[in-house]
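S.K.: Contents of start_17.txt (compact mmCIF, C-alpha atoms and all ligand atoms) are given next:
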```
# COMPACT_ATOMS: atom_id res chain seq x y z
CA MET A 3 116.64 106.29 105.52
CA ILE A 4 115.62 109.72 106.74
CA ASP A 5 116.78 111.48 109.87
CA LEU A 6 113.72 111.18 112.10
CA SER A 7 114.94 113.67 114.70
CA LYS A 8 114.18 116.40 112.13
CA TYR A 9 110.49 115.59 112.53
CA THR A 10 110.02 114.27 116.02
CA LYS A 11 110.36 117.67 117.69
CA GLU A 12 107.56 119.13 115.62
CA LEU A 13 105.48 115.99 115.90
CA SER A 14 105.96 115.85 119.65
CA LYS A 15 104.78 119.46 119.92
CA LEU A 16 101.70 118.65 117.85
CA PHE A 17 100.95 115.60 120.01
CA SER A 18 101.14 117.52 123.28
CA SER A 19 99.29 120.61 122.07
CA SER A 20 96.35 118.72 120.52
CA GLU A 21 93.19 117.95 122.46
CA ASN A 22 91.48 115.73 119.91
CA ILE A 23 93.64 113.55 117.72
CA LEU A 24 92.10 111.76 114.75
CA ILE A 25 93.94 108.93 113.03
CA ILE A 26 92.85 107.84 109.58
CA CYS A 27 94.01 104.91 107.47
CA HIS A 28 93.68 104.61 103.69
CA ILE A 29 90.74 103.33 101.66
CA ASN A 30 90.64 99.52 101.39
CA PRO A 31 92.84 99.46 104.46
CA ASP A 32 95.59 96.87 104.59
CA GLY A 33 97.33 95.36 107.60
CA ASP A 34 100.00 98.03 107.66
CA SER A 35 97.62 100.97 107.56
CA VAL A 36 95.38 99.54 110.30
CA GLY A 37 98.37 98.18 112.26
CA ALA A 38 100.03 101.59 112.35
CA GLN A 39 96.70 103.24 113.19
CA LEU A 40 95.97 100.91 116.11
CA ALA A 41 99.54 101.05 117.42
CA LEU A 42 99.30 104.85 117.62
CA TYR A 43 95.84 104.50 119.19
CA HIS A 44 97.27 102.31 121.98
CA TYR A 45 100.19 104.70 122.47
CA PHE A 46 97.87 107.69 122.84
CA LYS A 47 95.47 105.79 125.10
CA THR A 48 98.37 104.86 127.40
CA ASN A 49 99.18 108.58 127.53
CA ASN A 50 95.55 109.51 128.25
CA LYS A 51 95.10 111.41 124.99
CA ASN A 52 91.72 111.85 123.38
CA VAL A 53 92.01 109.85 120.19
CA SER A 54 89.53 108.70 117.57
CA LEU A 55 89.83 106.51 114.51
CA ILE A 56 88.35 106.55 111.01
CA ALA A 57 88.69 104.18 108.07
CA PRO A 58 87.31 105.44 104.73
CA ASN A 59 85.64 102.04 104.13
CA ASN A 60 85.21 98.62 105.71
CA LEU A 61 87.98 96.58 107.26
CA GLN A 62 88.52 93.13 105.87
CA GLU A 63 87.66 90.17 108.11
CA PHE A 64 91.29 89.24 108.73
CA LEU A 65 91.90 92.55 110.53
CA LYS A 66 88.73 92.80 112.61
CA TRP A 67 90.09 90.73 115.52
CA MET A 68 92.75 93.29 116.38
CA ASP A 69 92.54 95.02 119.76
CA GLY A 70 90.94 98.42 119.09
CA ALA A 71 89.59 97.54 115.63
CA ASP A 72 86.05 97.89 117.01
CA GLN A 73 86.89 101.54 117.77
CA ILE A 74 87.47 102.35 114.08
CA ASN A 75 84.59 104.35 112.64
CA ILE A 76 83.81 103.47 109.04
CA PHE A 77 83.24 106.66 107.08
CA ILE A 78 80.83 105.23 104.50
CA LYS A 79 78.79 103.54 107.25
CA ASP A 80 78.54 106.42 109.71
CA ARG A 81 79.07 109.68 107.88
CA LYS A 82 77.42 111.79 110.56
CA LYS A 83 79.65 110.61 113.38
CA CYS A 84 82.78 110.75 111.19
CA ARG A 85 81.95 114.30 110.11
CA LYS A 86 81.73 115.27 113.78
CA LEU A 87 85.05 113.61 114.58
CA ILE A 88 86.69 115.44 111.68
CA ASP A 89 85.12 118.76 112.74
CA ASN A 90 86.31 118.32 116.32
CA ALA A 91 89.83 117.18 115.51
CA ASP A 92 92.74 119.55 116.00
CA LEU A 93 95.28 117.06 114.71
CA ILE A 94 94.72 114.56 111.90
CA LEU A 95 97.29 111.81 111.37
CA MET A 96 97.10 110.09 107.98
CA LEU A 97 98.83 106.75 107.79
CA ASP A 98 100.32 104.70 104.99
CA PHE A 99 99.29 106.81 101.99
CA ASN A 100 100.50 109.93 100.30
CA GLN A 101 97.76 110.97 97.90
CA PRO A 102 94.56 112.64 99.11
CA ASN A 103 92.29 110.42 96.99
CA ARG A 104 93.25 107.50 99.27
CA LEU A 105 90.89 109.15 101.80
CA GLY A 106 87.96 108.00 99.67
CA GLU A 107 84.74 109.87 100.36
CA ALA A 108 86.32 111.53 103.42
CA GLU A 109 88.75 113.46 101.20
CA ASP A 110 86.86 116.76 100.96
CA LEU A 111 86.00 116.93 104.66
CA ILE A 112 89.55 116.17 105.72
CA MET A 113 91.05 118.61 103.24
CA GLU A 114 88.70 121.39 104.37
CA SER A 115 89.31 120.70 108.06
CA LYS A 116 91.19 123.36 110.03
CA ALA A 117 93.09 120.68 111.96
CA LYS A 118 96.84 120.32 111.56
CA LYS A 119 97.51 117.43 109.22
CA VAL A 120 100.40 114.99 109.28
CA ILE A 121 101.23 112.23 106.80
CA ILE A 122 103.26 109.29 108.08
CA ASP A 123 104.08 107.01 105.19
CA HIS A 124 106.66 104.92 103.31
CA HIS A 125 105.51 105.25 99.69
CA LEU A 126 107.55 107.11 97.10
CA ASP A 127 106.74 110.59 95.78
CA PRO A 128 104.33 112.05 98.34
CA VAL A 129 101.87 114.69 97.23
CA ASN A 130 101.99 117.71 99.50
CA PHE A 131 98.58 117.89 101.17
CA ALA A 132 99.54 118.16 104.84
CA ASP A 133 101.34 120.48 107.25
CA LEU A 134 103.97 117.86 107.98
CA ILE A 135 105.02 114.94 105.77
CA ILE A 136 107.08 112.20 107.34
CA SER A 137 107.87 109.90 104.47
CA ASP A 138 110.53 107.18 104.51
CA PRO A 139 110.45 104.74 101.57
CA GLY A 140 113.43 103.04 103.23
CA LYS A 141 111.07 101.53 105.81
CA CYS A 142 109.36 98.21 105.19
CA SER A 143 106.11 99.51 106.59
CA THR A 144 104.44 102.56 108.03
CA SER A 145 104.19 100.51 111.22
CA GLU A 146 107.98 100.36 111.52
CA LEU A 147 108.18 104.11 110.94
CA VAL A 148 105.45 104.79 113.52
CA HIS A 149 107.34 102.73 116.11
CA GLU A 150 110.55 104.68 115.57
CA LEU A 151 108.70 107.99 115.84
CA VAL A 152 106.86 106.90 118.99
CA CYS A 153 110.10 105.75 120.64
CA GLU A 154 111.87 109.02 119.77
CA ILE A 155 109.01 111.05 121.18
CA ASN A 156 108.66 108.79 124.20
CA GLY A 157 112.35 109.20 125.00
CA LYS A 158 112.72 105.42 125.30
CA THR A 159 111.27 102.30 123.71
CA PHE A 160 107.50 102.27 124.07
CA MET A 161 105.86 98.88 124.24
CA SER A 162 102.62 97.20 125.23
CA ARG A 163 101.10 93.96 124.11
CA SER A 164 98.28 95.43 122.01
CA TYR A 165 100.68 97.98 120.53
CA ALA A 166 103.15 95.19 119.68
CA GLU A 167 100.44 93.04 118.11
CA ALA A 168 99.31 95.94 115.90
CA LEU A 169 102.86 96.67 114.74
CA TYR A 170 103.55 92.99 114.12
CA VAL A 171 100.50 92.79 111.86
CA GLY A 172 101.68 95.87 109.96
CA ILE A 173 105.18 94.54 109.48
CA ILE A 174 104.28 91.00 108.42
CA THR A 175 101.52 92.06 106.03
CA ASP A 176 103.65 94.66 104.23
CA THR A 177 106.60 92.28 103.87
CA GLY A 178 104.56 89.16 103.04
CA ASN A 179 105.81 87.64 106.29
CA PHE A 180 109.40 88.80 105.63
CA GLU A 181 109.51 87.87 101.97
CA HIS A 182 109.67 91.22 100.18
CA GLY A 183 109.93 94.96 100.72
CA ALA A 184 112.44 97.15 102.49
CA TYR A 185 112.85 95.17 105.69
CA SER A 186 116.25 95.38 107.32
CA SER A 187 118.22 94.15 110.30
CA LYS A 188 116.58 97.02 112.18
CA THR A 189 113.17 95.57 111.37
CA PHE A 190 114.19 92.30 113.01
CA ARG A 191 115.47 94.14 116.10
CA ILE A 192 112.07 95.81 116.39
CA VAL A 193 110.32 92.48 115.83
CA ALA A 194 112.44 90.96 118.60
CA ASP A 195 111.17 93.66 120.98
CA LEU A 196 107.58 93.02 119.81
CA LEU A 197 107.88 89.28 120.46
CA ASP A 198 109.30 89.97 123.92
CA THR A 199 105.92 91.39 124.95
CA GLY A 200 104.53 87.87 124.73
CA ILE A 201 102.49 88.26 121.55
CA ILE A 202 101.81 84.87 120.02
CA LYS A 203 103.07 84.95 116.46
CA GLU A 204 101.44 81.62 115.49
CA LYS A 205 98.05 82.99 116.55
CA ILE A 206 98.56 86.17 114.55
CA ILE A 207 99.76 84.28 111.44
CA ASN A 208 96.71 82.02 111.68
CA LEU A 209 94.33 84.96 112.01
CA ILE A 210 95.93 86.80 109.09
CA TYR A 211 96.85 84.07 106.63
CA ASN A 212 95.00 80.88 107.50
CA ASN A 213 91.61 82.40 107.50
CA PHE A 214 90.33 81.80 103.97
CA SER A 215 86.98 80.48 102.86
CA SER A 216 86.96 77.38 100.66
CA ASP A 217 85.52 79.57 97.86
CA ARG A 218 88.59 81.77 98.07
CA ILE A 219 90.99 78.85 97.76
CA ARG A 220 88.98 77.49 94.80
CA LEU A 221 89.06 80.93 93.16
CA GLN A 222 92.85 80.92 93.56
CA GLY A 223 93.06 77.52 91.88
CA PHE A 224 90.82 78.71 89.04
CA ALA A 225 92.81 81.94 88.60
CA LEU A 226 96.12 80.08 88.31
CA ASN A 227 94.74 77.28 86.16
CA GLN A 228 92.38 79.12 83.83
CA ARG A 229 93.13 82.81 83.99
CA MET A 230 96.90 83.11 84.07
CA VAL A 231 98.79 84.01 80.89
CA VAL A 232 102.57 83.69 80.77
CA LEU A 233 104.53 85.86 78.34
CA PRO A 234 108.08 84.48 78.64
CA GLU A 235 109.45 86.85 75.96
CA LEU A 236 108.38 89.77 78.16
CA LYS A 237 109.39 88.04 81.41
CA THR A 238 105.83 88.79 82.44
CA ALA A 239 102.76 86.88 83.54
CA TYR A 240 99.30 88.17 84.28
CA ILE A 241 96.04 86.96 85.79
CA TYR A 242 92.64 88.36 84.85
CA LEU A 243 89.31 87.85 86.59
CA SER A 244 85.98 89.03 85.21
CA LYS A 245 82.95 89.95 87.28
CA VAL A 246 81.36 86.66 86.18
CA ASP A 247 84.41 84.69 87.38
CA LEU A 248 84.27 86.41 90.76
CA LYS A 249 80.54 85.78 91.13
CA GLU A 250 80.99 82.11 90.28
CA TYR A 251 83.23 81.76 93.35
CA ASN A 252 81.10 83.90 95.67
CA HIS A 253 83.87 86.46 95.81
CA VAL A 254 84.02 88.75 98.83
CA LYS A 255 86.32 91.72 99.27
CA GLY A 256 89.92 90.71 99.85
CA ASP A 257 89.63 87.28 98.22
CA THR A 258 92.06 88.17 95.43
CA GLU A 259 94.63 89.59 97.84
CA GLY A 260 98.00 87.96 97.17
CA PHE A 261 97.11 86.51 93.76
CA VAL A 262 99.38 89.00 92.00
CA ASN A 263 102.45 87.68 93.84
CA MET A 264 102.03 84.13 92.62
CA PRO A 265 103.26 84.39 88.99
CA LEU A 266 106.54 85.83 90.31
CA SER A 267 107.45 82.39 91.59
CA ILE A 268 107.66 81.16 87.97
CA LYS A 269 111.28 80.91 86.84
CA GLY A 270 112.20 83.78 84.53
CA ILE A 271 109.11 85.86 85.36
CA ASN A 272 110.02 89.23 86.82
CA PHE A 273 106.84 91.20 86.32
CA SER A 274 103.32 90.23 87.27
CA ALA A 275 99.96 91.91 86.82
CA LEU A 276 96.47 91.20 88.12
CA PHE A 277 93.40 92.57 86.32
CA ILE A 278 90.15 92.65 88.24
CA GLU A 279 86.97 93.73 86.46
CA LYS A 280 84.98 96.28 88.50
CA ASP A 281 81.66 97.92 87.60
CA ASN A 282 83.05 100.72 85.44
CA PHE A 283 86.77 100.12 85.28
CA ILE A 284 89.55 97.60 85.64
CA LYS A 285 91.62 97.56 88.85
CA LEU A 286 95.24 96.60 88.33
CA SER A 287 97.90 95.34 90.71
CA PHE A 288 101.54 95.00 89.76
CA ARG A 289 104.48 93.21 91.34
CA SER A 290 108.05 93.07 90.12
CA LYS A 291 111.38 91.60 91.09
CA GLY A 292 114.66 93.51 91.18
CA GLN A 293 114.85 97.02 89.84
CA PHE A 294 111.87 96.96 87.45
CA PRO A 295 109.96 100.11 88.46
CA SER A 296 106.42 98.78 88.61
CA ASN A 297 105.30 102.06 90.21
CA GLU A 298 106.61 104.09 87.26
CA PHE A 299 104.80 101.76 84.87
CA ALA A 300 101.60 102.08 86.94
CA SER A 301 101.84 105.84 87.04
CA LEU A 302 102.71 106.27 83.33
CA TYR A 303 99.98 104.03 81.95
CA PHE A 304 97.40 103.26 84.61
CA SER A 305 96.91 106.46 86.66
CA GLY A 306 98.44 104.72 89.64
CA GLY A 307 101.60 104.42 91.66
CA GLY A 308 103.03 102.68 94.69
CA HIS A 309 106.35 101.10 95.54
CA LEU A 310 109.12 99.99 93.19
CA ASN A 311 108.10 96.32 93.41
CA ALA A 312 104.42 96.61 94.39
CA SER A 313 102.07 99.05 92.76
CA GLY A 314 98.64 99.42 91.27
CA GLY A 315 96.39 101.55 89.16
CA GLU A 316 93.20 101.52 87.15
CA TYR A 317 91.98 101.78 83.57
CA VAL A 318 88.53 102.69 82.31
CA ASP A 319 87.78 100.20 79.54
CA THR A 320 86.71 96.60 79.10
CA LEU A 321 88.81 93.76 80.47
CA ASP A 322 89.88 92.66 76.96
CA ASN A 323 90.87 96.15 75.90
CA THR A 324 92.76 96.78 79.13
CA ILE A 325 94.76 93.58 78.69
CA ALA A 326 95.50 94.47 75.04
CA TYR A 327 96.62 97.97 76.11
CA PHE A 328 98.78 96.50 78.89
CA ILE A 329 100.57 94.19 76.45
CA LYS A 330 100.99 97.02 73.93
CA VAL A 331 102.55 99.47 76.41
CA LEU A 332 104.67 96.75 77.97
CA LYS A 333 106.04 95.75 74.54
CA GLU A 334 106.64 99.38 73.58
CA ASN A 335 108.53 100.00 76.79
CA PHE A 336 110.22 96.67 77.22
CA TRP A 337 113.52 97.96 75.80
CA ARG A 338 113.45 100.74 78.42
CA PHE A 339 112.86 98.36 81.25
CA GLU A 340 114.76 95.42 79.82
CA ASN A 341 117.93 95.98 81.81
CA GLN A 342 115.89 96.23 84.95
CA ILE A 343 113.50 93.41 84.20
P1 LIG A 401 97.83 96.19 95.91
O1 LIG A 401 98.30 95.56 94.65
O2 LIG A 401 98.21 95.39 97.11
O3 LIG A 401 96.41 96.61 95.87
O4 LIG A 401 98.63 97.55 96.03
C1 LIG A 401 100.03 97.57 96.19
C2 LIG A 401 100.48 98.99 96.38
O5 LIG A 401 100.24 99.71 95.18
C3 LIG A 401 99.70 99.75 97.44
O6 LIG A 401 100.37 99.66 98.65
C4 LIG A 401 99.69 101.15 96.93
O7 LIG A 401 100.89 101.77 97.30
C5 LIG A 401 99.79 101.00 95.44
N1 LIG A 401 98.51 101.18 94.73
C6 LIG A 401 97.58 100.25 94.45
N2 LIG A 401 96.58 100.77 93.73
C7 LIG A 401 96.89 102.07 93.52
C8 LIG A 401 96.25 103.14 92.83
O8 LIG A 401 95.19 102.99 92.23
N3 LIG A 401 96.89 104.34 92.86
C9 LIG A 401 98.09 104.51 93.50
N4 LIG A 401 98.65 105.72 93.48
N5 LIG A 401 98.70 103.53 94.16
C10 LIG A 401 98.13 102.33 94.17
MN MN A 402 102.39 100.15 104.01
```
Write the structure described by the file as structure tokens, please.
Ligand code: 5GP
Ligand code: MN

M.R.:
Amino acid sequence: MIDLSKYTKELSKLFSSSENILIICHINPDGDSVGAQLALYHYFKTNNKNVSLIAPNNLQEFLKWMDGADQINIFIKDRKKCRKLIDNADLILMLDFNQPNRLGEAEDLIMESKAKKVIIDHHLDPVNFADLIISDPGKCSTSELVHELVCEINGKTFMSRSYAEALYVGIITDTGNFEHGAYSSKTFRIVADLLDTGIIKEKIINLIYNNFSSDRIRLQGFALNQRMVVLPELKTAYIYLSKVDLKEYNHVKGDTEGFVNMPLSIKGINFSALFIEKDNFIKLSFRSKGQFPSNEFASLYFSGGGHLNASGGEYVDTLDNTIAYFIKVLKENFWRFENQI
């Protein structure tokens, strides 16, 4: 845990001295990135600040219902307007990422902008590309961190229903509904305050988790039945899906979300990988149990990174070659990781 008071003074000064605040989430935004973004949006709106929102690319369906989501400008859809918002901003808050390439096509414009830049994030090993980096990997979500910062700056607990709903989405999506990640007793105290605003958790859970198409559920069945390989000697299992597989099940963005967690429920499996064939590369997701540093593995071999137990990366080769390379590097390194895996 970091001492937030070190940062809140500076952040508070930036908030009050800025006329136009821009908040940006990461590419392929998840519930935490958008949750934290919208929570801050509601906080600033309550305080009559001029605030605008950008996402590098489209929001997935399961997040579009959130209050304020319709105010998020999609960079790849409306470059002209987003360029103007970036030009006019005097403060840019970047949420839930710590590498500039997570800005997608907005990266160059944001980096060149004269605005003060702040990163608020909970991933390990931030790259220094902002004026202020508030990074706490001890938090389960950027949403939790945002709430603590807002309350410090506000002088007392800040709360509103839309704000609470946004934070709740961030916290449940980054912890798999309190299953994994760095959630703590403090998280539950915050969640208690969120629920006290009257947000309806059953409604939110339904909108987030029980919102799949039948194609998506069938793809999940196919992935587990036909495309999962278990390597008990390496305490590892992986799932691979080719472009043809995805087309067969009318895949839309987000359909494979969560697949990578499933092999971890097999007894004795502590490391799981998901390979998704893209146009020119393979996208990888990793999950691990215990101390196995999936982020180190992702960064060493797949140009990626992330959290200890949830990470990802990519590899430019065919699906077959990528899987063969994965098994090779895992075998070569298994002795190194064995105590942890
Ligand atoms: P997911 O498997 O849900 O796509 O990603 C899990 C986590 O891994 C993300 O929160 C992010 O921290 C990290 N991650 C995924 N893909 C990449 C990547 O290509 N590069 C880096 N640096 N991190 C990634
Ligand atoms: Mn997060």

S.K.: For atom O4 of ligand LIG 401 (chain A) and CA of Cys153 (chain A), determine how far apart the two atoms are, in Å to one decimal place.

M.R.: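 It comes out at 28.4 Å.
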
S.K.: Wanna dump the chain A-ligand LIG 401 (chain A) contacts at 6 Å for me, each residue with its shortest atom pair and the distance in Å to one decimal, counting only C-alpha atoms and all ligand atoms, ordered by chain and number, as a Markdown table?

M.R.:
```
| residue | atom | partner | partner_atom | distance |
| --- | --- | --- | --- | --- |
| A:Ser287 | CA | A:LIG401 | O1 | 4.0 |
| A:Phe288 | CA | A:LIG401 | O1 | 5.9 |
| A:Gly306 | CA | A:LIG401 | N3 | 3.6 |
| A:Gly307 | CA | A:LIG401 | N4 | 3.7 |
| A:Gly308 | CA | A:LIG401 | O7 | 3.5 |
| A:His309 | CA | A:LIG401 | O7 | 5.8 |
| A:Ala312 | CA | A:LIG401 | C1 | 4.8 |
| A:Ser313 | CA | A:LIG401 | O5 | 3.1 |
| A:Gly314 | CA | A:LIG401 | C6 | 3.5 |
| A:Gly315 | CA | A:LIG401 | O8 | 3.6 |
| A:Glu316 | CA | A:LIG401 | O8 | 5.7 |
```

S.K.: Write the residues you've just listed into a file as a compact mmCIF listing (two decimals), keeping the file's coordinate frame, and include C-alpha atoms for each of them.

M.R.:
```txt
# COMPACT_ATOMS: atom_id res chain seq x y z
CA SER A 287 97.90 95.34 90.71
CA PHE A 288 101.54 95.00 89.76
CA GLY A 306 98.44 104.72 89.64
CA GLY A 307 101.60 104.42 91.66
CA GLY A 308 103.03 102.68 94.69
CA HIS A 309 106.35 101.10 95.54
CA ALA A 312 104.42 96.61 94.39
CA SER A 313 102.07 99.05 92.76
CA GLY A 314 98.64 99.42 91.27
CA GLY A 315 96.39 101.55 89.16
CA GLU A 316 93.20 101.52 87.15
```

S.K.: To one decimal place in Å, what is the distance between CA of Ile155 (chain A) and CA of Asn50 (chain A)?

M.R.: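 About the pair CA of Ile155 (chain A) and CA of Asn50 (chain A): they are 15.3 Å apart.
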
S.K.: Return as number ranges by chain the residues of protein, DNA or RNA that approach ligand MN 402 (chain A) to within 12 Å, with all atoms listed in the file taken into account.

M.R.: A: 27-28, 31-39, 96-100, 122-126, 137-148, 169, 171-178, 183-185, 308-309, 312-313

S.K.: Quick one: of A:Ser115, A:Asn75, A:Asn22, A:Asn323, who's nearest to Lys51 (chain A), counting all atoms listed in the file?

M.R.: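 So, comparing all the options, the nearest one is A:Asn22.
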
S.K.: Is it possible to get the residues within 6 Å of (105.1, 94.1, 124.8) (coordinates as in the file, counting only C-alpha atoms) written as a list in words?

M.R.: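 I get Met161, Ser162, Arg163, Ala166, Leu196, Asp198 and Thr199 of chain A for the residues within 6 Å of that point.
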
S.K.: So that I can check the surroundings of Gln222 (chain A), please list as JSON, numbers by chain every protein, DNA and RNA residue that reaches within 10 Å of it, counting only C-alpha atoms and ignoring chain neighbours fewer than 5 positions away.

M.R.: {"A": [216, 217, 227, 228, 229, 251, 257, 258, 259, 260, 261, 264]}

S.K.: Can you work out the spacing between CA of Lys83 (chain A) and CA of Ile29 (chain A) in Å, to one decimal?

M.R.: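 Computing it gives 17.7 Å between the two atoms.
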